[in-house]
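Trainee: Below is upload.cif; it holds mmCIF, C-alpha atoms.
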data_model
loop_
_atom_site.label_atom_id
_atom_site.label_comp_id
_atom_site.auth_asym_id
_atom_site.auth_seq_id
_atom_site.Cartn_x
_atom_site.Cartn_y
_atom_site.Cartn_z
CA MET N 1085 -14.56 18.16 -14.79
CA ALA N 1086 -18.25 17.47 -15.17
CA ASN N 1087 -19.24 13.96 -14.23
CA VAL N 1088 -22.62 12.58 -15.24
CA VAL N 1089 -22.54 9.29 -13.46
CA GLY N 1090 -25.00 6.43 -13.23
CA LEU N 1091 -25.94 3.80 -10.73
CA ARG N 1092 -26.55 0.11 -11.13
CA LEU N 1093 -27.81 -1.78 -8.13
CA SER N 1094 -28.18 -5.51 -7.76
CA LEU N 1095 -30.23 -6.26 -4.67
CA PRO N 1096 -29.17 -9.20 -2.47
CA VAL N 1097 -29.35 -12.64 -4.05
CA LEU N 1098 -28.46 -15.31 -1.50
CA GLY N 1099 -24.67 -15.59 -1.16
CA SER N 1100 -23.77 -13.78 -4.37
CA VAL N 1101 -24.65 -10.16 -3.84
CA CYS N 1102 -22.39 -7.61 -5.38
CA VAL N 1103 -23.83 -4.11 -5.28
CA CYS N 1104 -22.73 -2.21 -8.34
CA TYR N 1105 -22.76 1.51 -8.78
CA SER N 1106 -20.83 4.61 -9.59
CA SER N 1107 -22.39 7.79 -8.34
CA THR N 1108 -21.71 11.39 -7.49
CA PHE N 1109 -25.20 12.64 -6.61
CA ALA N 1110 -24.78 15.62 -4.26
CA THR N 1111 -21.31 15.99 -2.82
CA THR N 1112 -20.45 18.15 0.15
CA LYS N 1113 -16.76 18.73 -0.31
CA LYS N 1114 -14.77 20.10 -3.23
CA LEU N 1115 -11.06 19.90 -3.80
CA ASN N 1116 -9.16 21.55 -6.60
CA TRP N 1117 -6.39 19.38 -7.98
CA LYS N 1118 -3.89 21.52 -9.83
CA VAL N 1119 -2.28 20.26 -12.98
CA LYS N 1120 0.24 21.76 -15.31
CA GLY N 1121 -1.33 22.82 -18.56
CA PRO N 1122 -5.08 23.34 -19.08
CA PRO N 1123 -6.83 23.52 -15.69
CA ARG N 1124 -9.27 20.88 -14.57
CA ARG N 1125 -11.25 20.45 -11.43
CA MET N 1126 -11.86 17.25 -9.55
CA VAL N 1127 -14.91 17.13 -7.32
CA LEU N 1128 -14.61 14.89 -4.29
CA GLY N 1129 -17.12 14.48 -1.51
CA LEU N 1130 -18.38 12.99 1.72
CA GLY N 1131 -20.88 10.19 1.77
CA ALA N 1132 -23.69 11.41 4.01
CA SER N 1133 -25.73 13.11 1.32
CA PHE N 1134 -25.23 10.15 -1.00
CA PHE N 1135 -26.56 7.64 1.51
CA SER N 1136 -29.56 9.80 2.32
CA HIS N 1137 -30.42 10.06 -1.37
CA PHE N 1138 -29.65 6.40 -1.97
CA MET N 1139 -31.81 5.05 0.83
CA THR N 1140 -34.69 7.29 -0.28
CA MET N 1141 -34.34 5.91 -3.78
CA LEU N 1142 -34.30 2.33 -2.52
CA GLY N 1143 -37.56 2.93 -0.70
CA ALA N 1144 -39.14 4.21 -3.89
CA MET N 1145 -38.06 1.09 -5.78
CA GLY N 1146 -40.46 -1.18 -3.93
CA SER N 1147 -40.07 -4.79 -4.98
CA SER N 1148 -37.92 -4.05 -8.01
CA LYS N 1149 -34.72 -6.12 -8.04
CA SER N 1150 -32.57 -3.86 -10.14
CA PHE N 1151 -32.19 -0.25 -11.16
CA MET N 1152 -30.26 1.22 -14.09
CA ALA N 1153 -29.54 4.86 -14.83
CA SER N 1154 -27.59 6.15 -17.82
CA ALA N 1155 -23.94 6.76 -17.10
CA LYS N 1156 -21.04 8.54 -18.70
CA ILE N 1157 -18.16 10.85 -17.89
CA THR N 1158 -17.98 13.99 -19.99
CA ALA N 1159 -16.04 17.21 -20.45
CA GLY N 1160 -12.64 16.15 -19.22
CA PRO N 1161 -9.37 14.43 -20.11
CA SER N 1162 -9.23 10.68 -20.60
CA VAL N 1163 -8.53 8.45 -17.62
CA ASP N 1164 -5.06 7.80 -18.99
CA GLU N 1165 -4.31 11.53 -18.71
CA LEU N 1166 -5.78 12.17 -15.25
CA LEU N 1167 -2.65 11.56 -13.20
CA LYS N 1168 -0.18 13.28 -15.50
CA ASN N 1169 1.40 16.46 -14.09
CA VAL N 1170 -0.79 16.65 -10.99
CA GLU N 1171 0.27 19.27 -8.44
CA TRP N 1172 -0.90 17.58 -5.27
CA PRO N 1173 -1.88 19.63 -2.19
CA GLU N 1174 0.89 19.80 0.39
CA GLN N 1175 -1.12 17.79 2.92
CA PHE N 1176 -3.24 14.68 2.45
CA PRO N 1177 -6.63 16.24 1.59
CA PHE N 1178 -8.95 13.69 3.20
CA LYS N 1179 -10.24 13.52 6.75
CA GLU N 1180 -11.19 10.67 9.05
CA GLU N 1181 -14.88 10.89 8.14
CA ASP N 1182 -14.03 10.31 4.48
CA PHE N 1183 -13.06 6.74 5.40
CA GLN N 1184 -16.18 5.88 7.34
CA ARG N 1185 -18.61 3.31 5.97
CA TYR N 1186 -22.38 2.97 6.10
CA ASP N 1187 -21.85 -0.39 7.80
CA GLU N 1188 -19.22 -0.13 10.52
CA THR N 1189 -19.82 -3.61 11.92
CA SER N 1190 -16.89 -6.02 11.96
CA ASP N 1191 -15.54 -6.84 8.52
CA SER N 1192 -14.70 -10.33 9.76
CA LEU N 1193 -18.43 -10.95 10.19
CA PHE N 1194 -19.26 -9.54 6.77
CA TYR N 1195 -16.70 -11.79 5.07
CA GLU N 1196 -17.25 -14.82 7.32
CA ALA N 1197 -19.20 -16.77 4.70
CA PRO N 1198 -17.24 -17.57 1.53
CA ARG N 1199 -18.44 -16.02 -1.73
CA PHE N 1200 -17.36 -18.15 -4.66
CA VAL N 1201 -18.50 -15.55 -7.16
CA THR N 1202 -16.80 -12.93 -9.30
CA HIS N 1203 -17.41 -9.25 -8.65
CA ILE N 1204 -16.86 -7.90 -12.16
CA ASP N 1205 -18.33 -9.26 -15.38
CA ASP N 1206 -16.54 -11.57 -17.79
CA PRO N 1207 -15.37 -8.88 -20.28
CA ALA N 1208 -13.83 -6.86 -17.43
CA ILE N 1209 -12.13 -9.97 -16.06
CA ALA N 1210 -10.73 -10.75 -19.50
CA ALA N 1211 -9.43 -7.17 -19.85
CA LEU N 1212 -7.67 -7.37 -16.47
CA THR N 1213 -6.16 -10.77 -17.26
CA LYS N 1214 -4.91 -9.43 -20.59
CA TYR N 1215 -3.33 -6.44 -18.83
CA TYR N 1216 -1.60 -8.74 -16.34
CA SER N 1217 -0.23 -10.83 -19.21
CA LYS N 1218 1.48 -7.72 -20.57
CA VAL N 1219 3.02 -6.38 -17.35
CA PHE N 1220 3.76 -9.48 -15.25
CA PRO N 1221 7.18 -11.16 -15.39
CA PRO N 1222 7.07 -14.36 -17.48
CA SER N 1223 5.67 -17.38 -15.70
CA ASN N 1224 8.19 -19.35 -13.60
CA THR N 1225 10.79 -16.57 -13.58
CA PRO N 1226 13.38 -17.47 -10.92
CA GLY N 1227 13.22 -15.30 -7.82
CA VAL N 1228 9.92 -13.54 -8.63
CA SER N 1229 7.41 -13.10 -5.81
CA ILE N 1230 3.87 -11.69 -6.08
CA LEU N 1231 1.51 -10.47 -3.37
CA ASP N 1232 -2.21 -10.50 -4.15
CA MET N 1233 -3.83 -8.24 -1.58
CA CYS N 1234 -7.51 -8.49 -0.64
CA SER N 1235 -7.36 -11.84 -2.38
CA SER N 1236 -10.03 -14.53 -2.61
CA TRP N 1237 -10.66 -17.75 -4.56
CA VAL N 1238 -9.57 -16.26 -7.90
CA SER N 1239 -6.87 -13.69 -8.76
CA HIS N 1240 -7.56 -13.25 -12.50
CA PHE N 1241 -3.93 -14.03 -13.40
CA PRO N 1242 -3.25 -15.37 -16.91
CA PRO N 1243 -4.20 -19.06 -17.36
CA GLY N 1244 -1.49 -21.37 -16.05
CA TYR N 1245 0.54 -18.48 -14.63
CA LYS N 1246 2.92 -19.59 -11.89
CA GLN N 1247 5.72 -18.16 -9.79
CA GLU N 1248 7.76 -19.73 -7.03
CA ARG N 1249 6.01 -17.53 -4.48
CA VAL N 1250 2.52 -16.05 -4.80
CA VAL N 1251 1.08 -14.87 -1.49
CA GLY N 1252 -2.60 -14.15 -1.06
CA LEU N 1253 -3.77 -11.89 1.75
CA GLY N 1254 -7.51 -11.85 2.30
CA MET N 1255 -10.42 -12.13 4.69
CA ASN N 1256 -11.83 -15.61 4.09
CA GLU N 1257 -9.70 -18.72 4.52
CA GLN N 1258 -12.01 -20.99 2.51
CA GLU N 1259 -11.74 -18.69 -0.48
CA LEU N 1260 -7.96 -18.41 -0.19
CA LYS N 1261 -7.54 -22.19 0.06
CA ARG N 1262 -9.35 -22.63 -3.25
CA ASN N 1263 -7.20 -20.10 -5.15
CA PRO N 1264 -5.00 -22.19 -7.48
CA VAL N 1265 -2.28 -19.55 -8.08
CA LEU N 1266 -1.41 -19.04 -4.42
CA THR N 1267 1.55 -20.82 -2.88
CA GLU N 1268 0.70 -19.45 0.57
CA TYR N 1269 -1.88 -17.21 2.15
CA VAL N 1270 -2.54 -14.94 5.13
CA VAL N 1271 -5.94 -14.22 6.67
CA GLN N 1272 -5.89 -10.63 7.89
CA ASP N 1273 -8.24 -7.65 8.17
CA LEU N 1274 -6.23 -4.66 6.92
CA ASN N 1275 -8.77 -2.26 8.39
CA VAL N 1276 -7.92 -3.60 11.85
CA ASN N 1277 -4.21 -4.24 11.30
CA PRO N 1278 -2.62 -2.66 8.20
CA LYS N 1279 0.82 -4.02 9.12
CA LEU N 1280 1.78 -6.70 6.58
CA PRO N 1281 3.36 -9.82 8.16
CA LEU N 1282 5.87 -9.96 5.31
CA GLU N 1283 9.55 -9.23 4.79
CA ASP N 1284 11.01 -5.92 3.58
CA ASN N 1285 11.90 -5.68 -0.12
CA SER N 1286 10.50 -9.12 -0.92
CA PHE N 1287 7.89 -8.72 -3.72
CA ASP N 1288 8.18 -7.82 -7.38
CA ILE N 1289 4.46 -7.25 -7.93
CA ILE N 1290 1.52 -6.36 -5.69
CA THR N 1291 -2.02 -6.65 -7.02
CA ASN N 1292 -5.35 -5.54 -5.58
CA VAL N 1293 -8.53 -6.26 -7.56
CA VAL N 1294 -11.71 -4.22 -6.90
CA SER N 1295 -10.94 -3.83 -3.19
CA VAL N 1296 -8.97 -0.60 -2.75
CA ASP N 1297 -12.31 1.14 -2.08
CA TYR N 1298 -12.74 -0.80 1.19
CA LEU N 1299 -9.50 0.35 2.84
CA THR N 1300 -10.15 2.62 5.84
CA LYS N 1301 -6.44 3.14 6.52
CA PRO N 1302 -5.14 3.45 2.96
CA LEU N 1303 -1.99 5.43 3.69
CA ASP N 1304 -0.88 2.87 6.28
CA VAL N 1305 -1.53 0.07 3.80
CA PHE N 1306 0.26 1.81 0.93
CA LYS N 1307 3.26 2.53 3.14
CA GLU N 1308 3.38 -1.16 3.97
CA MET N 1309 3.12 -2.00 0.28
CA CYS N 1310 6.13 0.19 -0.33
CA ARG N 1311 8.04 -1.51 2.46
CA VAL N 1312 7.52 -5.05 1.16
CA LEU N 1313 8.05 -4.22 -2.53
CA LYS N 1314 11.51 -4.66 -3.97
CA PRO N 1315 13.06 -1.44 -5.32
CA GLY N 1316 11.50 -1.01 -8.75
CA GLY N 1317 8.66 -3.37 -7.86
CA GLN N 1318 5.21 -2.46 -9.09
CA ALA N 1319 1.86 -2.11 -7.30
CA ILE N 1320 -1.25 -2.48 -9.49
CA MET N 1321 -4.59 -1.31 -8.13
CA SER N 1322 -7.57 -2.24 -10.32
CA PHE N 1323 -11.17 -1.19 -9.77
CA SER N 1324 -14.52 -0.84 -11.45
CA ASN N 1325 -17.79 0.79 -10.41
CA ARG N 1326 -18.90 -2.32 -8.54
CA CYS N 1327 -18.68 -2.71 -4.78
CA PHE N 1328 -20.41 -3.73 -1.61
CA TRP N 1329 -21.63 -0.19 -1.09
CA THR N 1330 -22.25 -0.56 2.65
CA LYS N 1331 -18.58 -1.44 3.15
CA ALA N 1332 -16.97 1.01 0.72
CA ILE N 1333 -15.56 4.20 2.21
CA SER N 1334 -17.56 7.42 2.13
CA ILE N 1335 -15.21 9.31 -0.18
CA TRP N 1336 -15.63 6.51 -2.73
CA THR N 1337 -19.41 6.16 -2.59
CA SER N 1338 -19.95 9.89 -3.03
CA THR N 1339 -17.73 10.31 -6.11
CA GLY N 1340 -17.43 8.95 -9.63
CA ASP N 1341 -14.97 6.92 -11.68
CA ALA N 1342 -12.60 9.75 -12.61
CA ASP N 1343 -12.48 10.88 -8.97
CA HIS N 1344 -11.62 7.33 -7.92
CA VAL N 1345 -8.56 7.45 -10.15
CA MET N 1346 -7.42 10.60 -8.38
CA ILE N 1347 -8.16 9.15 -4.94
CA VAL N 1348 -6.05 6.03 -5.55
CA GLY N 1349 -3.35 8.16 -7.13
CA SER N 1350 -3.28 10.27 -3.98
CA TYR N 1351 -2.67 7.15 -1.86
CA PHE N 1352 0.52 6.42 -3.79
CA HIS N 1353 1.64 10.04 -3.66
CA TYR N 1354 1.10 10.67 0.05
CA ALA N 1355 2.36 7.26 1.19
CA GLY N 1356 5.78 8.21 -0.19
CA GLY N 1357 8.45 6.02 -1.71
CA PHE N 1358 6.66 5.58 -5.05
CA GLU N 1359 7.17 7.01 -8.50
CA PRO N 1360 4.39 9.36 -9.69
CA PRO N 1361 1.33 7.12 -10.15
CA GLN N 1362 -0.16 6.49 -13.56
CA ALA N 1363 -3.62 5.45 -14.72
CA VAL N 1364 -4.95 3.42 -17.63
CA ASP N 1365 -8.50 2.71 -18.72
CA ILE N 1366 -8.79 -0.94 -19.78
CA SER N 1367 -12.61 -0.95 -20.00
CA PRO N 1368 -13.41 -3.51 -22.71
CA ASN N 1369 -16.81 -2.27 -23.91
CA PRO N 1370 -17.55 1.22 -22.58
CA GLY N 1371 -21.23 1.51 -21.76
CA ARG N 1372 -21.92 -2.16 -22.46
CA SER N 1373 -19.97 -3.96 -19.73
CA ASP N 1374 -18.26 -3.15 -16.46
CA PRO N 1375 -15.65 -0.40 -16.70
CA MET N 1376 -12.15 -1.32 -15.55
CA TYR N 1377 -9.42 1.06 -14.42
CA ILE N 1378 -5.82 0.60 -13.30
CA VAL N 1379 -3.78 2.94 -11.13
CA TYR N 1380 -0.21 1.75 -10.72
CA SER N 1381 3.18 2.87 -9.53
CA LYS N 1382 6.67 1.50 -8.92
CA LYS N 1383 8.68 1.69 -5.74
CA LEU N 1384 11.51 4.17 -6.08
CA SER N 1385 14.88 2.49 -6.52
CA THR N 1386 16.21 4.59 -3.64
CA ALA N 1387 13.28 3.97 -1.27
#
Could I get this structure in the form of C-alpha cells?

Mentor:
Amino acid sequence: MANVVGLRLSLPVLGSVCVCYSSTFATTKKLNWKVKGPPRRMVLGLGASFFSHFMTMLGAMGSSKSFMASAKITAGPSVDELLKNVEWPEQFPFKEEDFQRYDETSDSLFYEAPRFVTHIDDPAIAALTKYYSKVFPPSNTPGVSILDMCSSWVSHFPPGYKQERVVGLGMNEQELKRNPVLTEYVVQDLNVNPKLPLEDNSFDIITNVVSVDYLTKPLDVFKEMCRVLKPGGQAIMSFSNRCFWTKAISIWTSTGDADHVMIVGSYFHYAGGFEPPQAVDISPNPGRSDPMYIVYSKKLSTA
C-alpha cells in the first residue's frame, strides 16, 4: 500500500497544545501483512528517522506557528477493509524500541496540569458521538457498565447518556472530576501499571478516545481489557491523526493512518480472547476536518 501522508503541527499555545500530524516520512522497518485475496503490503517503521527529519523541519520553520502539507492515502483498500482476512505473523511483530517515545520523562508530570480542551475538531467529535449512539446500549439499561479508558473531562458520549456505572480511568484527577458521565473514576498511569483495579467480567463496553497511541505496554493493557470485559462485551478504540507527538510511541509516529489501523488490530489479535478485530472509517469530511477511525472487537464468549 502506498501512503502519501501529510503533517499538521500546532506549536504550543499555553495550556491547550495538541500536536497534530500523520506521517510516514522515512521508515526503517517493513512488515508484510498477509491477507487472503489480492495481496497488499503494510509498511511499519521505527521512529528515529522520523524524529530526525521532524526536528530538522521544525528548525527550518523559524517563527511560524503552523505547518500544513497535503495528505491522502492512495492505492489500497478502504479502512473498512483493512482488517478483513488478515493472516497475522505467528509472533507479535513489534520490539521494545517500537514503544519508546521522544519524551521518556514521567507521564504523571506531563499530565499534571489539567487540559480542559478537546483534542479532535468538532466534526470529528460529532462523528464519534454519532457512532457511539449507534453501538452503545440504550441509556439507563439495567446492569450495563462502561469503562472509559484514558479518560478526561469529556468522553464524547451522546448527550444525556447515562448508565448505572460509568468508570473513567485517566491521568488527571481534576479532569476526571469534571466529567459529567462518570459515576466513579481511577487515576492511574497505564504505562507504569497496566493492571486494571477492576473486577473480572464486569464491563459491557470499553472506550478509548485518541489515546491508544500513547500505550507503551499495549498487549498488557489489552489483556486486562479482555479480563474486565463481560463475555461478548465490546472494546472500541478510536483515533485520529492528532497526538502529543513527544509522548506517542515510535511505531505510531513513524507510520500513517492505515498502518495505525493495523497496529491497533494487532493489539487485539495478539492479546488473545477477542474476536477478529474490525475497522471503520467515520471521518466526517475527508480532507477538510480531522479524520476519525475506529478499531473494535468483542470478547469471545468462551474467553

Trainee: Could you work out how far atom CA of N:Ser1236 lies from atom CA of N:Lys1261, giving the answer in Å with one decimal?

Mentor: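 Here the two named atoms are 8.5 Å from each other.
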
Trainee: Please identify all polymer residues within 9 Å of N:Pro1264, counting all atoms listed in the file, omitting same-chain residues fewer than 4 positions from it, and present them as a PyMOL selection string.

Mentor: chain N and resi 1237-1239+1260

Trainee: Evaluated on this file, the PyMOL selection byres ((chain N and resi 1220) around 12) picks out some residues - which ones are they, written as an MDAnalysis selection string?

Mentor: chainID N and resid 1212:1219 1221:1225 1228:1230 1241:1242 1245:1247 1288:1291 1317:1320

Trainee: Give me the residues within 8 Å of N:Ser1324 as a list of chain:residue names, counting all atoms listed in the file and dropping any in the same chain fewer than 4 places off.

Mentor: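 So, after excluding close chain neighbours, the residues are N:Ile1204, N:Val1294, N:Asp1341, N:Asp1374, N:Pro1375, N:Met1376, N:Tyr1377.
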
Trainee: Find the spatial neighbours of N:Pro1198, counting only C-alpha atoms, within a cut-off of 10 Å - ignore same-chain residues fewer than 5 positions away - and output them as a ChimeraX atom specification.

Mentor: /N:1099-1100,1236-1237,1255-1260

Trainee: Go ahead and compute the interatomic distance for atom CA of N:Lys1382 and atom CA of N:Val1250, in Å to one decimal.

Mentor: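 Separating atom CA of N:Lys1382 from atom CA of N:Val1250 is a distance of 18.5 Å.
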
Trainee: From the list N:Leu1303, N:Met1309, N:Val1293, N:Leu1231, which residue is nearest N:Glu1268 when using only C-alpha atoms?

Mentor: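 Among the listed residues, the smallest separation from N:Glu1268 belongs to N:Leu1231.
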
Trainee: Mind pulling up the distance from atom CA of N:Arg1311 to atom CA of N:Phe1176?

Mentor: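 For atom CA of N:Phe1176 relative to atom CA of N:Arg1311, the distance reads 19.7 Å.
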
Trainee: Please check which residues have atoms at most 10 Å from (-16.4, -9.2, -16.9) in the file's coordinates, counting all atoms listed in the file, and write them as number ranges by chain.

Mentor: N: 1202-1212, 1367-1369, 1373-1376

Trainee: Taking the file as I've supplied it (selection: the PyMOL selection byres ((chain N and resi 1297) around 8)), which residues are included? Please answer as a PyMOL selection string.

Mentor: chain N and resi 1294-1296+1298-1299+1327+1332-1333+1336

Trainee: Contacts of N:Gln1362 at 7 Å or less, counting only C-alpha atoms, minus same-chain residues fewer than 4 places along, as a VMD selection string?

Mentor: chain N and resid 1167 1379 to 1381

Trainee: Pick out the residues sitting within 7 Å of N:Lys1314, and hand them over as a list in words; count only C-alpha atoms, and ignore anything fewer than 6 positions along from it in its own chain.

Mentor: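 Counting only the stated atoms, we get Asn1285, Ser1286, Phe1287 and Asp1288 of chain N.
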
Trainee: Taking all atoms listed in the file into account, name the residue in N:Asn1292, N:Gln1272, N:Thr1267, N:Asn1169 that is nearest to N:Ser1322.

Mentor: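 Using all atoms listed in the file, N:Ser1322 sits closest to N:Asn1292.
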
Trainee: Nearest residue to N:Phe1306 out of N:Glu1283, N:Leu1266, N:Thr1330, N:Tyr1354, using only C-alpha atoms?

Mentor: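 The shortest atom-to-atom distance to N:Phe1306 comes from N:Tyr1354.
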
Trainee: Decode the PyMOL selection byres ((chain N and resi 1185) around 9) for the given file into explicit residues and return them as a list in words.

Mentor: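 Taken on the displayed file, the PyMOL selection byres ((chain N and resi 1185) around 9) yields the residues Gly1131, Glu1181, Asp1182, Phe1183, Gln1184, Tyr1186, Asp1187, Glu1188, Tyr1298, Thr1300, Trp1329, Thr1330, Lys1331, Ala1332, Ile1333 and Ser1334 of chain N.
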
Trainee: How would the residues just picked look written out with C-alpha atoms as a PDB file, keeping the file's coordinate frame?

Mentor:
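The resulting file, part-v8.pdb, is shown below:
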ATOM      1  CA  GLY N1131     -20.880  10.190   1.770  1.00  0.00           C
ATOM      2  CA  GLU N1181     -14.880  10.890   8.140  1.00  0.00           C
ATOM      3  CA  ASP N1182     -14.030  10.310   4.480  1.00  0.00           C
ATOM      4  CA  PHE N1183     -13.060   6.740   5.400  1.00  0.00           C
ATOM      5  CA  GLN N1184     -16.180   5.880   7.340  1.00  0.00           C
ATOM      6  CA  TYR N1186     -22.380   2.970   6.100  1.00  0.00           C
ATOM      7  CA  ASP N1187     -21.850  -0.390   7.800  1.00  0.00           C
ATOM      8  CA  GLU N1188     -19.220  -0.130  10.520  1.00  0.00           C
ATOM      9  CA  TYR N1298     -12.740  -0.800   1.190  1.00  0.00           C
ATOM     10  CA  THR N1300     -10.150   2.620   5.840  1.00  0.00           C
ATOM     11  CA  TRP N1329     -21.630  -0.190  -1.090  1.00  0.00           C
ATOM     12  CA  THR N1330     -22.250  -0.560   2.650  1.00  0.00           C
ATOM     13  CA  LYS N1331     -18.580  -1.440   3.150  1.00  0.00           C
ATOM     14  CA  ALA N1332     -16.970   1.010   0.720  1.00  0.00           C
ATOM     15  CA  ILE N1333     -15.560   4.200   2.210  1.00  0.00           C
ATOM     16  CA  SER N1334     -17.560   7.420   2.130  1.00  0.00           C
TER      17      SER N1334
END

Trainee: Go through N:Ala1355, N:Leu1282, N:Ala1342, N:Val1201 and flag the residue nearest N:Pro1302, using only C-alpha atoms for the distances.

Mentor: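 Looking at the shortest contact to N:Pro1302, the residue is N:Ala1355.
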
Trainee: Write only all heavy atoms for stretch 1199-1207 of chain N from the block just shown, as an mmCIF file, in the first residue's frame.

Mentor:
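Saved as out_13.cif:
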data_model
loop_
_atom_site.group_PDB
_atom_site.id
_atom_site.type_symbol
_atom_site.label_atom_id
_atom_site.label_comp_id
_atom_site.auth_asym_id
_atom_site.auth_seq_id
_atom_site.Cartn_x
_atom_site.Cartn_y
_atom_site.Cartn_z
ATOM 1 N N ARG N 1199 -5.988 19.844 31.266
ATOM 2 C CA ARG N 1199 -6.189 20.452 29.953
ATOM 3 C C ARG N 1199 -7.678 20.347 29.622
ATOM 4 O O ARG N 1199 -8.145 19.311 29.175
ATOM 5 C CB ARG N 1199 -5.361 19.726 28.888
ATOM 6 C CG ARG N 1199 -3.855 19.846 29.038
ATOM 7 C CD ARG N 1199 -3.150 19.044 27.931
ATOM 8 N NE ARG N 1199 -1.717 19.205 27.950
ATOM 9 C CZ ARG N 1199 -0.874 18.446 28.638
ATOM 10 N NH1 ARG N 1199 -1.355 17.464 29.381
ATOM 11 N NH2 ARG N 1199 0.430 18.659 28.598
ATOM 12 N N PHE N 1200 -8.393 21.414 29.844
ATOM 13 C CA PHE N 1200 -9.822 21.407 29.562
ATOM 14 C C PHE N 1200 -10.051 21.852 28.119
ATOM 15 O O PHE N 1200 -10.659 22.889 27.847
ATOM 16 C CB PHE N 1200 -10.564 22.284 30.567
ATOM 17 C CG PHE N 1200 -10.464 21.766 31.978
ATOM 18 C CD1 PHE N 1200 -9.732 22.446 32.930
ATOM 19 C CD2 PHE N 1200 -11.093 20.580 32.332
ATOM 20 C CE1 PHE N 1200 -9.635 21.969 34.225
ATOM 21 C CE2 PHE N 1200 -10.999 20.083 33.623
ATOM 22 C CZ PHE N 1200 -10.270 20.776 34.579
ATOM 23 N N VAL N 1201 -9.498 21.038 27.222
ATOM 24 C CA VAL N 1201 -9.608 21.277 25.791
ATOM 25 C C VAL N 1201 -10.001 19.964 25.127
ATOM 26 O O VAL N 1201 -9.937 18.896 25.741
ATOM 27 C CB VAL N 1201 -8.273 21.790 25.188
ATOM 28 C CG1 VAL N 1201 -7.878 23.122 25.799
ATOM 29 C CG2 VAL N 1201 -7.150 20.760 25.407
ATOM 30 N N THR N 1202 -10.408 20.036 23.875
ATOM 31 C CA THR N 1202 -10.663 18.822 23.108
ATOM 32 C C THR N 1202 -9.513 18.614 22.134
ATOM 33 O O THR N 1202 -8.885 19.574 21.685
ATOM 34 C CB THR N 1202 -11.981 18.906 22.337
ATOM 35 O OG1 THR N 1202 -12.012 20.114 21.567
ATOM 36 C CG2 THR N 1202 -13.158 18.919 23.315
ATOM 37 N N HIS N 1203 -9.240 17.366 21.808
ATOM 38 C CA HIS N 1203 -8.053 17.028 21.033
ATOM 39 C C HIS N 1203 -8.363 16.601 19.600
ATOM 40 O O HIS N 1203 -7.468 16.192 18.864
ATOM 41 C CB HIS N 1203 -7.263 15.946 21.764
ATOM 42 C CG HIS N 1203 -6.841 16.378 23.135
ATOM 43 N ND1 HIS N 1203 -5.829 17.287 23.350
ATOM 44 C CD2 HIS N 1203 -7.324 16.068 24.372
ATOM 45 C CE1 HIS N 1203 -5.681 17.501 24.657
ATOM 46 N NE2 HIS N 1203 -6.584 16.763 25.289
ATOM 47 N N ILE N 1204 -9.623 16.647 19.235
ATOM 48 C CA ILE N 1204 -10.054 16.487 17.850
ATOM 49 C C ILE N 1204 -11.055 17.599 17.573
ATOM 50 O O ILE N 1204 -11.634 18.174 18.499
ATOM 51 C CB ILE N 1204 -10.677 15.097 17.580
ATOM 52 C CG1 ILE N 1204 -11.696 14.736 18.671
ATOM 53 C CG2 ILE N 1204 -9.593 14.031 17.444
ATOM 54 C CD1 ILE N 1204 -12.391 13.401 18.463
ATOM 55 N N ASP N 1205 -11.260 17.936 16.300
ATOM 56 C CA ASP N 1205 -12.133 19.053 15.998
ATOM 57 C C ASP N 1205 -13.608 18.670 16.131
ATOM 58 O O ASP N 1205 -13.958 17.493 16.314
ATOM 59 C CB ASP N 1205 -11.802 19.665 14.632
ATOM 60 C CG ASP N 1205 -12.037 18.718 13.463
ATOM 61 O OD1 ASP N 1205 -12.764 17.714 13.605
ATOM 62 O OD2 ASP N 1205 -11.466 18.977 12.378
ATOM 63 N N ASP N 1206 -14.470 19.667 16.049
ATOM 64 C CA ASP N 1206 -15.887 19.450 16.309
ATOM 65 C C ASP N 1206 -16.543 18.433 15.368
ATOM 66 O O ASP N 1206 -17.341 17.596 15.814
ATOM 67 C CB ASP N 1206 -16.641 20.779 16.250
ATOM 68 C CG ASP N 1206 -16.325 21.674 17.442
ATOM 69 O OD1 ASP N 1206 -15.782 21.159 18.438
ATOM 70 O OD2 ASP N 1206 -16.607 22.888 17.369
ATOM 71 N N PRO N 1207 -16.258 18.458 14.046
ATOM 72 C CA PRO N 1207 -16.861 17.439 13.181
ATOM 73 C C PRO N 1207 -16.448 16.016 13.549
ATOM 74 O O PRO N 1207 -17.263 15.094 13.493
ATOM 75 C CB PRO N 1207 -16.358 17.825 11.780
ATOM 76 C CG PRO N 1207 -16.105 19.295 11.861
ATOM 77 C CD PRO N 1207 -15.569 19.508 13.247
#
